[in-house]
$ cat start-v2.pdb   # PDB, C-alpha atoms (C1' of nucleotides)
MODEL        1
ATOM      1  CA  MET I  20      26.391   0.451  -5.442
ATOM      2  CA  LYS I  21      24.216   0.968  -8.491
ATOM      3  CA  GLN I  22      20.887   2.607  -8.930
ATOM      4  CA  SER I  23      17.933   0.351  -9.586
ATOM      5  CA  LEU I  24      16.287   2.887 -11.873
ATOM      6  CA  SER I  25      17.890   3.513 -15.223
ATOM      7  CA  LEU I  26      19.413   6.934 -15.040
ATOM      8  CA  ASP I  27      22.740   8.306 -16.145
ATOM      9  CA  ALA I  28      25.500   9.796 -14.000
ATOM     10  CA  HIS I  29      23.654  13.092 -13.648
ATOM     11  CA  GLY I  30      20.392  11.466 -12.596
ATOM     12  CA  VAL I  31      18.476  12.281 -15.754
ATOM     13  CA  MET I  32      16.253   9.969 -17.775
ATOM     14  CA  THR I  33      15.214   9.799 -21.404
ATOM     15  CA  ILE I  34      11.615   9.941 -22.438
ATOM     16  CA  GLY I  35      11.529   6.218 -23.006
ATOM     17  CA  GLN I  36      12.798   5.478 -19.533
ATOM     18  CA  MET I  37      10.237   7.837 -18.086
ATOM     19  CA  CYS I  38       7.449   6.128 -19.978
ATOM     20  CA  GLU I  39       8.478   2.764 -18.667
ATOM     21  CA  ALA I  40       8.940   4.004 -15.125
ATOM     22  CA  PHE I  41       5.603   5.804 -14.901
ATOM     23  CA  ASP I  42       3.546   3.863 -17.400
ATOM     24  CA  VAL I  43       2.685   6.811 -19.610
ATOM     25  CA  THR I  44       3.168   7.473 -23.318
ATOM     26  CA  PRO I  45       5.703   9.890 -24.823
ATOM     27  CA  ARG I  46       2.790  11.932 -26.078
ATOM     28  CA  THR I  47       1.611  12.431 -22.520
ATOM     29  CA  LEU I  48       4.995  13.698 -21.360
ATOM     30  CA  ARG I  49       5.317  16.085 -24.300
ATOM     31  CA  PHE I  50       1.815  17.277 -23.657
ATOM     32  CA  TYR I  51       2.610  17.946 -20.018
ATOM     33  CA  GLU I  52       5.731  19.828 -21.053
ATOM     34  CA  GLN I  53       3.717  21.969 -23.426
ATOM     35  CA  ARG I  54       1.338  22.701 -20.564
ATOM     36  CA  ASN I  55       4.347  23.704 -18.461
ATOM     37  CA  LEU I  56       3.684  20.987 -15.926
ATOM     38  CA  ILE I  57       7.188  19.631 -16.382
ATOM     39  CA  ALA I  58      10.296  21.198 -17.888
ATOM     40  CA  PRO I  59      12.829  18.615 -19.030
ATOM     41  CA  ILE I  60      16.181  20.033 -20.025
ATOM     42  CA  ARG I  61      17.292  19.778 -23.621
ATOM     43  CA  GLU I  62      20.333  18.038 -24.977
ATOM     44  CA  GLY I  63      20.093  19.260 -28.531
ATOM     45  CA  GLN I  64      16.581  18.240 -29.457
ATOM     46  CA  ARG I  65      16.132  15.502 -26.939
ATOM     47  CA  ARG I  66      14.502  15.825 -23.588
ATOM     48  CA  LEU I  67      16.230  14.822 -20.396
ATOM     49  CA  PHE I  68      14.036  14.424 -17.352
ATOM     50  CA  THR I  69      15.464  15.359 -13.995
ATOM     51  CA  ALA I  70      14.515  14.312 -10.475
ATOM     52  CA  ARG I  71      12.401  17.452 -10.282
ATOM     53  CA  ASP I  72      10.459  16.378 -13.339
ATOM     54  CA  ARG I  73       9.919  12.965 -11.823
ATOM     55  CA  ALA I  74       8.699  14.393  -8.549
ATOM     56  CA  ARG I  75       6.302  16.650 -10.412
ATOM     57  CA  LEU I  76       5.080  13.827 -12.605
ATOM     58  CA  LYS I  77       4.301  11.795  -9.511
ATOM     59  CA  LEU I  78       2.201  14.655  -8.204
ATOM     60  CA  ILE I  79       0.512  15.058 -11.569
ATOM     61  CA  LEU I  80      -0.473  11.420 -11.808
ATOM     62  CA  ARG I  81      -1.656  11.342  -8.241
ATOM     63  CA  GLY I  82      -3.684  14.476  -8.788
ATOM     64  CA  LYS I  83      -5.337  12.847 -11.760
ATOM     65  CA  ARG I  84      -6.302   9.852  -9.660
ATOM     66  CA  PHE I  85      -8.039  12.231  -7.294
ATOM     67  CA  GLY I  86     -10.026  13.690 -10.152
ATOM     68  CA  PHE I  87      -8.155  16.978 -10.514
ATOM     69  CA  SER I  88      -7.893  18.634 -13.899
ATOM     70  CA  LEU I  89      -4.512  19.585 -15.308
ATOM     71  CA  ASP I  90      -5.334  23.201 -14.543
ATOM     72  CA  ASP I  91      -5.941  22.289 -10.915
ATOM     73  CA  ILE I  92      -2.722  20.334 -10.873
ATOM     74  CA  GLN I  93      -0.848  23.258 -12.370
ATOM     75  CA  GLU I  94      -1.810  25.259  -9.337
ATOM     76  CA  LEU I  95      -1.002  22.426  -6.969
ATOM     77  CA  LEU I  96       2.469  22.119  -8.438
ATOM     78  CA  GLU I  97       3.175  25.756  -7.764
ATOM     79  CA  LEU I  98       2.557  25.030  -4.115
ATOM     80  CA  TYR I  99       5.378  22.526  -4.166
ATOM     81  CA  ASP I 100       8.125  24.786  -5.393
ATOM     82  CA  PRO I 101       7.656  28.413  -4.569
ATOM     83  CA  GLN I 102       9.820  29.724  -7.377
ATOM     84  CA  ASP I 103       9.433  33.384  -6.620
ATOM     85  CA  GLY I 104      10.953  35.463  -3.892
ATOM     86  CA  GLN I 105       8.003  37.821  -3.709
ATOM     87  CA  ARG I 106       6.497  37.881  -0.260
ATOM     88  CA  ARG I 107       3.088  38.730  -1.674
ATOM     89  CA  GLN I 108       3.264  35.720  -3.966
ATOM     90  CA  LEU I 109       4.295  33.461  -1.139
ATOM     91  CA  ALA I 110       1.372  34.551   0.980
ATOM     92  CA  ALA I 111      -1.028  33.951  -1.888
ATOM     93  CA  THR I 112       0.476  30.538  -2.485
ATOM     94  CA  LEU I 113       0.041  29.722   1.164
ATOM     95  CA  GLU I 114      -3.578  30.758   1.087
ATOM     96  CA  ARG I 115      -4.370  28.570  -1.878
ATOM     97  CA  ALA I 116      -2.504  25.693  -0.278
ATOM     98  CA  VAL I 117      -4.628  25.957   2.834
ATOM     99  CA  GLU I 118      -7.755  25.963   0.694
ATOM    100  CA  ARG I 119      -6.537  22.905  -1.144
ATOM    101  CA  LEU I 120      -5.845  21.201   2.117
ATOM    102  CA  ALA I 121      -9.355  21.859   3.316
ATOM    103  CA  ALA I 122     -10.744  20.525   0.050
ATOM    104  CA  MET I 123      -8.677  17.392   0.326
ATOM    105  CA  GLN I 124      -9.729  16.821   3.899
ATOM    106  CA  ALA I 125     -13.338  17.227   2.859
ATOM    107  CA  GLN I 126     -12.765  14.738   0.092
ATOM    108  CA  ARG I 127     -11.296  12.399   2.649
ATOM    109  CA  LEU I 128     -14.434  12.567   4.738
ATOM    110  CA  GLU I 129     -16.586  11.922   1.706
ATOM    111  CA  LEU I 130     -14.390   9.035   0.726
ATOM    112  CA  ASP I 131     -14.724   7.498   4.165
ATOM    113  CA  ALA I 132     -18.489   7.824   3.972
ATOM    114  CA  ALA I 133     -18.498   6.236   0.531
ATOM    115  CA  ILE I 134     -16.362   3.375   1.771
ATOM    116  CA  ASP I 135     -18.704   2.732   4.673
ATOM    117  CA  GLU I 136     -21.713   2.793   2.385
ATOM    118  CA  LEU I 137     -20.116   0.362  -0.001
ATOM    119  CA  LYS I 138     -19.215  -1.925   2.884
ATOM    120  CA  GLY I 139     -22.818  -1.881   4.020
ATOM    121  CA  GLN I 140     -23.966  -2.636   0.514
ATOM    122  CA  ILE I 141     -21.570  -5.549   0.272
ATOM    123  CA  GLY I 142     -22.972  -6.910   3.516
ATOM    124  CA  LEU I 143     -26.461  -6.677   2.066
ATOM    125  CA  VAL I 144     -25.579  -8.561  -1.088
ATOM    126  CA  GLU I 145     -23.781 -11.201   0.958
ATOM    127  CA  ARG I 146     -26.883 -11.749   3.024
ATOM    128  CA  MET I 147     -28.992 -11.939  -0.118
ATOM    129  CA  LEU I 148     -26.688 -14.653  -1.391
ATOM    130  CA  ALA I 149     -26.815 -16.485   1.918
ATOM    131  CA  ASP I 150     -30.624 -16.398   2.000
ATOM    132  CA  ARG I 151     -30.724 -17.586  -1.547
ATOM    133  CA  GLY I 152     -28.478 -20.465  -0.566
ATOM    134  CA  ARG I 153     -30.686 -21.499   2.340
ATOM    135  CA  ALA I 154     -33.815 -21.233   0.216
ATOM    136  CA  GLU I 155     -32.286 -23.519  -2.386
ATOM    137  CA  ALA I 156     -31.150 -25.948   0.289
ATOM    138  CA  ALA I 157     -34.713 -26.095   1.652
ATOM    139  CA  GLU I 158     -36.184 -27.327  -1.625
TER     140      GLU I 158
ATOM    141  CA  MET J  28     -45.331  18.915   8.945
ATOM    142  CA  LYS J  29     -44.066  19.975   5.546
ATOM    143  CA  GLN J  30     -41.088  18.947   3.516
ATOM    144  CA  SER J  31     -38.302  21.442   3.159
ATOM    145  CA  LEU J  32     -37.428  20.262  -0.330
ATOM    146  CA  SER J  33     -39.862  21.126  -3.085
ATOM    147  CA  LEU J  34     -41.558  17.914  -4.027
ATOM    148  CA  ASP J  35     -45.142  17.017  -4.708
ATOM    149  CA  ALA J  36     -47.341  14.594  -2.815
ATOM    150  CA  HIS J  37     -45.705  11.590  -4.444
ATOM    151  CA  GLY J  38     -42.184  12.732  -3.673
ATOM    152  CA  VAL J  39     -41.207  13.504  -7.245
ATOM    153  CA  MET J  40     -39.395  16.580  -8.523
ATOM    154  CA  THR J  41     -39.289  18.395 -11.836
ATOM    155  CA  ILE J  42     -36.081  18.871 -13.737
ATOM    156  CA  GLY J  43     -35.837  22.467 -12.595
ATOM    157  CA  GLN J  44     -36.135  21.526  -8.950
ATOM    158  CA  MET J  45     -33.502  18.873  -9.406
ATOM    159  CA  CYS J  46     -31.147  21.365 -11.014
ATOM    160  CA  GLU J  47     -31.541  23.750  -8.121
ATOM    161  CA  ALA J  48     -31.189  21.035  -5.503
ATOM    162  CA  PHE J  49     -28.066  19.459  -6.986
ATOM    163  CA  ASP J  50     -26.554  22.387  -8.821
ATOM    164  CA  VAL J  51     -26.532  20.780 -12.235
ATOM    165  CA  THR J  52     -27.984  21.823 -15.595
ATOM    166  CA  PRO J  53     -30.985  20.234 -17.290
ATOM    167  CA  ARG J  54     -28.674  19.089 -20.030
ATOM    168  CA  THR J  55     -26.690  17.092 -17.516
ATOM    169  CA  LEU J  56     -29.760  15.318 -16.184
ATOM    170  CA  ARG J  57     -31.015  14.499 -19.668
ATOM    171  CA  PHE J  58     -27.550  13.279 -20.548
ATOM    172  CA  TYR J  59     -27.472  11.015 -17.511
ATOM    173  CA  GLU J  60     -30.876   9.656 -18.415
ATOM    174  CA  GLN J  61     -29.705   8.884 -21.908
ATOM    175  CA  ARG J  62     -26.747   7.046 -20.418
ATOM    176  CA  ASN J  63     -29.190   5.086 -18.241
ATOM    177  CA  LEU J  64     -27.699   6.404 -15.043
ATOM    178  CA  ILE J  65     -31.093   7.683 -13.941
ATOM    179  CA  ALA J  66     -34.586   6.819 -15.135
ATOM    180  CA  PRO J  67     -37.114   9.556 -14.317
ATOM    181  CA  ILE J  68     -40.723   8.624 -14.943
ATOM    182  CA  ARG J  69     -42.666  10.445 -17.636
ATOM    183  CA  GLU J  70     -45.785  12.490 -17.272
ATOM    184  CA  GLY J  71     -46.533  13.007 -20.908
ATOM    185  CA  GLN J  72     -43.271  14.456 -22.170
ATOM    186  CA  ARG J  73     -42.033  15.801 -18.891
ATOM    187  CA  ARG J  74     -39.641  14.051 -16.575
ATOM    188  CA  LEU J  75     -40.431  13.443 -12.942
ATOM    189  CA  PHE J  76     -37.518  12.498 -10.721
ATOM    190  CA  THR J  77     -38.127  10.075  -7.865
ATOM    191  CA  ALA J  78     -36.251   9.490  -4.631
ATOM    192  CA  ARG J  79     -34.389   6.697  -6.376
ATOM    193  CA  ASP J  80     -33.205   9.120  -9.046
ATOM    194  CA  ARG J  81     -32.041  11.505  -6.370
ATOM    195  CA  ALA J  82     -30.145   8.803  -4.514
ATOM    196  CA  ARG J  83     -28.467   7.723  -7.718
ATOM    197  CA  LEU J  84     -27.625  11.287  -8.680
ATOM    198  CA  LYS J  85     -25.940  11.765  -5.334
ATOM    199  CA  LEU J  86     -23.794   8.732  -6.001
ATOM    200  CA  ILE J  87     -23.049   9.928  -9.510
ATOM    201  CA  LEU J  88     -21.878  13.340  -8.370
ATOM    202  CA  ARG J  89     -19.831  11.884  -5.572
ATOM    203  CA  GLY J  90     -18.251   9.420  -7.947
ATOM    204  CA  LYS J  91     -17.303  12.287 -10.221
ATOM    205  CA  ARG J  92     -15.621  14.095  -7.363
ATOM    206  CA  PHE J  93     -13.520  11.006  -6.813
ATOM    207  CA  GLY J  94     -12.415  11.062 -10.424
ATOM    208  CA  PHE J  95     -14.562   8.178 -11.678
ATOM    209  CA  SER J  96     -15.789   8.158 -15.252
ATOM    210  CA  LEU J  97     -19.467   7.751 -16.007
ATOM    211  CA  ASP J  98     -18.746   4.218 -17.140
ATOM    212  CA  ASP J  99     -17.182   3.476 -13.764
ATOM    213  CA  ILE J 100     -20.132   5.045 -12.045
ATOM    214  CA  GLN J 101     -22.532   3.018 -14.129
ATOM    215  CA  GLU J 102     -20.975  -0.097 -12.653
ATOM    216  CA  LEU J 103     -20.952   1.359  -9.168
ATOM    217  CA  LEU J 104     -24.659   2.107  -9.408
ATOM    218  CA  GLU J 105     -25.415  -1.481 -10.237
ATOM    219  CA  LEU J 106     -23.823  -2.428  -6.941
ATOM    220  CA  TYR J 107     -26.381  -0.313  -5.162
ATOM    221  CA  ASP J 108     -29.489  -1.930  -6.504
ATOM    222  CA  PRO J 109     -29.088  -5.513  -7.520
ATOM    223  CA  GLN J 110     -31.998  -5.569  -9.916
ATOM    224  CA  ASP J 111     -31.711  -9.172 -10.982
ATOM    225  CA  GLY J 112     -32.634 -12.327  -9.151
ATOM    226  CA  GLN J 113     -29.879 -14.369 -10.769
ATOM    227  CA  ARG J 114     -27.531 -15.864  -8.213
ATOM    228  CA  ARG J 115     -24.663 -15.820 -10.698
ATOM    229  CA  GLN J 116     -25.218 -12.126 -11.328
ATOM    230  CA  LEU J 117     -25.324 -11.368  -7.644
ATOM    231  CA  ALA J 118     -22.046 -13.141  -7.046
ATOM    232  CA  ALA J 119     -20.410 -11.205  -9.879
ATOM    233  CA  THR J 120     -21.772  -7.963  -8.510
ATOM    234  CA  LEU J 121     -20.380  -8.819  -5.121
ATOM    235  CA  GLU J 122     -16.981  -9.520  -6.580
ATOM    236  CA  ARG J 123     -16.818  -6.197  -8.375
ATOM    237  CA  ALA J 124     -18.000  -4.447  -5.256
ATOM    238  CA  VAL J 125     -15.164  -5.940  -3.247
ATOM    239  CA  GLU J 126     -12.686  -4.832  -5.919
ATOM    240  CA  ARG J 127     -14.116  -1.334  -5.841
ATOM    241  CA  LEU J 128     -13.846  -1.289  -2.100
ATOM    242  CA  ALA J 129     -10.183  -2.217  -2.267
ATOM    243  CA  ALA J 130      -9.581   0.499  -4.852
ATOM    244  CA  MET J 131     -11.292   3.081  -2.696
ATOM    245  CA  GLN J 132      -9.327   2.062   0.352
ATOM    246  CA  ALA J 133      -6.131   2.368  -1.653
ATOM    247  CA  GLN J 134      -7.234   5.797  -2.790
ATOM    248  CA  ARG J 135      -7.835   6.685   0.821
ATOM    249  CA  LEU J 136      -4.288   5.795   1.729
ATOM    250  CA  GLU J 137      -2.958   7.857  -1.138
ATOM    251  CA  LEU J 138      -5.142  10.746  -0.154
ATOM    252  CA  ASP J 139      -3.848  10.616   3.402
ATOM    253  CA  ALA J 140      -0.287  10.658   2.119
ATOM    254  CA  ALA J 141      -1.074  13.596  -0.133
ATOM    255  CA  ILE J 142      -2.641  15.474   2.750
ATOM    256  CA  ASP J 143       0.405  14.923   4.915
ATOM    257  CA  GLU J 144       2.700  16.092   2.147
ATOM    258  CA  LEU J 145       0.674  19.207   1.592
ATOM    259  CA  LYS J 146       0.678  19.920   5.299
ATOM    260  CA  GLY J 147       4.442  19.643   5.338
ATOM    261  CA  GLN J 148       4.662  21.944   2.347
ATOM    262  CA  ILE J 149       2.455  24.474   4.055
ATOM    263  CA  GLY J 150       4.723  24.370   7.079
ATOM    264  CA  LEU J 151       7.694  25.057   4.823
ATOM    265  CA  VAL J 152       6.104  28.057   3.190
ATOM    266  CA  GLU J 153       5.042  29.380   6.570
ATOM    267  CA  ARG J 154       8.616  29.198   7.780
ATOM    268  CA  MET J 155       9.821  30.913   4.627
ATOM    269  CA  LEU J 156       7.414  33.734   5.327
ATOM    270  CA  ALA J 157       8.496  33.909   8.942
ATOM    271  CA  ASP J 158      12.181  34.067   7.992
ATOM    272  CA  ARG J 159      11.413  36.707   5.443
ATOM    273  CA  GLY J 160       9.661  38.649   8.137
ATOM    274  CA  ARG J 161      12.634  38.478  10.505
ATOM    275  CA  ALA J 162      15.042  39.391   7.725
ATOM    276  CA  GLU J 163      13.012  42.482   6.911
ATOM    277  CA  ALA J 164      12.750  43.393  10.569
ATOM    278  CA  ALA J 165      16.554  43.159  10.891
ATOM    279  CA  GLU J 166      17.179  45.785   8.200
TER     280      GLU J 166
ATOM    281  C1'  DG X  22     -55.382  35.928 -26.701
ATOM    282  C1'  DC X  23     -50.769  36.937 -25.854
ATOM    283  C1'  DT X  24     -46.799  36.599 -23.144
ATOM    284  C1'  DT X  25     -43.893  34.279 -19.851
ATOM    285  C1'  DA X  26     -42.071  30.261 -17.752
ATOM    286  C1'  DC X  27     -40.828  25.777 -17.962
ATOM    287  C1'  DG X  28     -39.920  21.778 -20.433
ATOM    288  C1'  DC X  29     -39.115  18.875 -24.674
ATOM    289  C1'  DT X  30     -36.170  16.941 -28.796
ATOM    290  C1'  DT X  31     -32.659  17.231 -32.304
ATOM    291  C1'  DA X  32     -28.340  18.322 -33.517
ATOM    292  C1'  DC X  33     -24.167  20.559 -33.986
ATOM    293  C1'  DG X  34     -20.272  22.782 -31.087
ATOM    294  C1'  DT X  35     -16.691  22.733 -27.418
ATOM    295  C1'  DT X  36     -13.144  21.530 -24.018
ATOM    296  C1'  DC X  37     -10.008  18.370 -22.066
ATOM    297  C1'  DA X  38      -6.585  14.993 -22.378
ATOM    298  C1'  DC X  39      -4.528  12.852 -24.908
ATOM    299  C1'  DG X  40      -4.056   9.208 -29.584
ATOM    300  C1'  DT X  41      -2.341   8.747 -34.061
ATOM    301  C1'  DC X  42      -0.202   9.409 -38.130
ATOM    302  C1'  DA X  43       3.525  11.771 -41.137
ATOM    303  C1'  DA X  44       7.945  13.209 -41.974
ATOM    304  C1'  DG X  45      12.387  14.250 -40.283
ATOM    305  C1'  DT X  46      16.983  13.942 -37.213
ATOM    306  C1'  DG X  47      20.953  11.893 -35.091
ATOM    307  C1'  DA X  48      23.318   7.841 -33.047
ATOM    308  C1'  DT X  49      24.518   3.039 -33.137
ATOM    309  C1'  DT X  50      24.869  -1.498 -35.414
ATOM    310  C1'  DG X  51      25.398  -5.291 -38.686
TER     311       DG X  51
ATOM    312  C1'  DC Y  22      26.649   2.253 -46.130
ATOM    313  C1'  DA Y  23      22.176   0.960 -45.179
ATOM    314  C1'  DA Y  24      19.257   0.014 -41.644
ATOM    315  C1'  DT Y  25      17.340   0.339 -37.302
ATOM    316  C1'  DC Y  26      16.480   2.737 -33.100
ATOM    317  C1'  DA Y  27      15.001   6.273 -30.219
ATOM    318  C1'  DC Y  28      13.556  10.564 -30.478
ATOM    319  C1'  DT Y  29      11.795  14.962 -32.514
ATOM    320  C1'  DT Y  30       8.007  18.378 -34.256
ATOM    321  C1'  DG Y  31       3.692  19.408 -36.336
ATOM    322  C1'  DA Y  32      -1.001  18.486 -37.313
ATOM    323  C1'  DC Y  33      -5.229  16.239 -37.359
ATOM    324  C1'  DG Y  34      -8.336  12.754 -34.925
ATOM    325  C1'  DT Y  35     -10.976  10.986 -30.909
ATOM    326  C1'  DG Y  36     -13.941   9.905 -26.812
ATOM    327  C1'  DA Y  37     -15.992  11.731 -22.753
ATOM    328  C1'  DA Y  38     -18.974  15.021 -20.804
ATOM    329  C1'  DC Y  39     -21.398  18.129 -21.458
ATOM    330  C1'  DG Y  40     -22.831  23.390 -23.782
ATOM    331  C1'  DT Y  41     -25.697  25.785 -26.821
ATOM    332  C1'  DA Y  42     -28.917  27.081 -30.244
ATOM    333  C1'  DA Y  43     -33.250  26.196 -32.889
ATOM    334  C1'  DG Y  44     -37.817  25.161 -32.885
ATOM    335  C1'  DC Y  45     -41.888  23.336 -30.613
ATOM    336  C1'  DG Y  46     -45.568  22.166 -26.747
ATOM    337  C1'  DT Y  47     -48.286  23.470 -22.720
ATOM    338  C1'  DA Y  48     -50.020  25.654 -18.699
ATOM    339  C1'  DA Y  49     -50.489  29.894 -15.850
ATOM    340  C1'  DG Y  50     -51.454  34.629 -15.404
ATOM    341  C1'  DC Y  51     -52.712  39.198 -16.977
TER     342       DC Y  51
ENDMDL
END
$ encode --input "start-v2.pdb" --output "structure tokens"
Amino acid sequence: MKQSLSLDAHGVMTIGQMCEAFDVTPRTLRFYEQRNLIAPIREGQRRLFTARDRARLKLILRGKRFGFSLDDIQELLELYDPQDGQRRQLAATLERAVERLAAMQAQRLELDAAIDELKGQIGLVERMLADRGRAEAAE
Amino acid sequence: MKQSLSLDAHGVMTIGQMCEAFDVTPRTLRFYEQRNLIAPIREGQRRLFTARDRARLKLILRGKRFGFSLDDIQELLELYDPQDGQRRQLAATLERAVERLAAMQAQRLELDAAIDELKGQIGLVERMLADRGRAEAAE
DNA sequence: GCTTACGCTTACGTTCACGTCAAGTGATTG
DNA sequence: CAATCACTTGACGTGAACGTAAGCGTAAGC
């Protein structure tokens, strides 16, 4: 039973494989590494991207689609692997996560409203087209 | 019966009033005008923003929160006032609107997934804190 | 009549998120 | 062995979305 994705025995991927899999450029991945958004391991000079990197990249790209900045995403990522054992840190992380959640739920409401509006608008244009059709047929 | 918003008898607002109402800078409004996203009327040199400008600005700001570029938003705005009588144009507008709608519905699905994930993550961190609490209590 | 507030244009500066060379390093391949 | 990949590290360039500073106009209020 083979994997469908191209990854070696240890589940790591090269930069090229990553680029293909996620449709990004090498520059983007190096940039994200420099920003400490991902942390591929090094085999000599070369980067090897682990499952953790892939999971984080997914979150990064999704965050971008929601209009978050890389700074925002940085924070978001910290919510997804609490790397510290400090209780104080954990509590702070939790608090920010709850805030994020509220923000995302608000965004969801807005998005729903926007969708409804657009639907209404589409209905309007459709009726305009229909009227136009009948007017032309009446000539 | 007076208006709560500060606008004159004709329902127009100055740039300063707009900035206060929408929490943007004058520069932003002038920039949007230059990009033809809004079209305030002129009283001499000064700009006067109409209800139409305000409606469009709302859409602009909402679009930005969803991660749309100003170019995207430009297109979106055209969906909301079909200014041309050309049937061909209307049909094209309609088509783009339907595409947008699909995109926004997809984004909605993604957002829901993201919200669920974050909720799960919050639950995890909460349990970590609870365990930590019990561990400390056991000492 | 002078200041203060508000607004205008022009134009250069800045930040973010990369794009785009340039020059070099191994590893395979004909 | 030369060439070709795939990858590396700088370093400078770029487009989008404004920020910011300079210099000017005008109307209100003291």
$ closest_atom_pairs --input "start-v2.pdb" --of "chain I" --to "chain J" --cutoff "10 Å" --atoms "all atoms listed in the file" --output "CSV"
residue,atom,partner,partner_atom,distance
I:Leu78,CA,J:Ala141,CA,8.8
I:Arg81,CA,J:Glu137,CA,8.0
I:Gly82,CA,J:Ala141,CA,9.1
I:Lys83,CA,J:Gly94,CA,7.4
I:Arg84,CA,J:Gly94,CA,6.3
I:Phe85,CA,J:Gly94,CA,5.5
I:Gly86,CA,J:Gly94,CA,3.6
I:Phe87,CA,J:Gly94,CA,7.3
I:Ser88,CA,J:Gly94,CA,9.5
I:Leu95,CA,J:Leu145,CA,9.3
I:Leu98,CA,J:Gln148,CA,7.5
I:Tyr99,CA,J:Gln148,CA,6.6
I:Asp100,CA,J:Gln148,CA,8.9
I:Pro101,CA,J:Val152,CA,7.9
I:Gly104,CA,J:Arg159,CA,9.4
I:Gln105,CA,J:Arg159,CA,9.8
I:Arg106,CA,J:Leu156,CA,7.0
I:Arg107,CA,J:Leu156,CA,9.6
I:Leu109,CA,J:Val152,CA,7.2
I:Ala110,CA,J:Leu156,CA,7.5
I:Thr112,CA,J:Val152,CA,8.4
I:Leu113,CA,J:Ile149,CA,6.5
I:Glu114,CA,J:Ile149,CA,9.2
I:Arg115,CA,J:Ile149,CA,9.9
I:Ala116,CA,J:Ile149,CA,6.7
I:Val117,CA,J:Ile149,CA,7.3
I:Arg119,CA,J:Leu145,CA,8.6
I:Leu120,CA,J:Ile142,CA,6.6
I:Ala121,CA,J:Ile142,CA,9.3
I:Ala122,CA,J:Ile142,CA,9.9
I:Met123,CA,J:Ile142,CA,6.8
I:Gln124,CA,J:Ile142,CA,7.3
I:Gln126,CA,J:Phe93,CA,7.9
I:Arg127,CA,J:Arg135,CA,6.9
I:Leu128,CA,J:Arg135,CA,9.7
I:Glu129,CA,J:Arg89,CA,8.0
I:Leu130,CA,J:Arg135,CA,7.0
I:Asp131,CA,J:Arg135,CA,7.7
I:Ala133,CA,J:Arg89,CA,8.4
I:Ile134,CA,J:Leu128,CA,6.6
I:Asp135,CA,J:Leu128,CA,9.3
I:Glu136,CA,J:Tyr107,CA,9.4
I:Leu137,CA,J:Leu128,CA,6.8
I:Lys138,CA,J:Leu128,CA,7.4
I:Gly139,CA,J:Tyr107,CA,10.0
I:Gln140,CA,J:Tyr107,CA,6.6
I:Ile141,CA,J:Leu121,CA,6.4
I:Gly142,CA,J:Leu121,CA,9.2
I:Leu143,CA,J:Tyr107,CA,9.6
I:Val144,CA,J:Leu121,CA,6.6
I:Glu145,CA,J:Leu121,CA,7.4
I:Met147,CA,J:Leu117,CA,8.4
I:Leu148,CA,J:Arg114,CA,7.0
I:Arg151,CA,J:Arg114,CA,7.6
I:Gly152,CA,J:Arg114,CA,9.0
$ resolve_selection --input "start-v2.pdb" --expression "the PyMOL selection byres ((chain J) within 12 of (chain X))" --output "count of residues only"
14
$ closest_residue --input "start-v2.pdb" --among "Y:DG31, Y:DG44, Y:DG36, Y:DG50" --to "chain J" --atoms "only C-alpha atoms (C1' of nucleotides)"
Y:DG36
$ atom_distance --input "start-v2.pdb" --atom1 "CA of Glu105 (chain J)" --atom2 "CA of Thr55 (chain J)"
20.0 Å
$ closest_residue --input "start-v2.pdb" --among "Y:DT35, Y:DT25, Y:DT30, Y:DT41" --to "chain I" --atoms "only C-alpha atoms (C1' of nucleotides)"
Y:DT30
$ interface_residues --input "start-v2.pdb" --of "chain Y" --to "chain J" --cutoff "12 Å" --atoms "all atoms listed in the file" --output "VMD selection string"
chain Y and resid 36 to 41 46 to 47
$ atom_distance --input "start-v2.pdb" --atom1 "CA of Gln102 (chain I)" --atom2 "CA of Arg75 (chain I)"
13.9 Å
$ axis_aligned_box --input "start-v2.pdb" --around "region 23-35 of chain Y" --padding-each-side "8 Å" --output "AutoDock Vina command-line options"
--center_x 5.6 --center_y 9.7 --center_z -37.7 --size_x 49.2 --size_y 35.4 --size_z 31.0
$ closest_residue --input "start-v2.pdb" --among "J:Glu102, J:Ala133, J:Ala48, J:Asp158" --to "Ala119 (chain J)" --atoms "all atoms listed in the file"
J:Glu102
$ atom_distance --input "start-v2.pdb" --atom1 "CA of Glu126 (chain J)" --atom2 "CA of Asp42 (chain I)"
21.7 Å
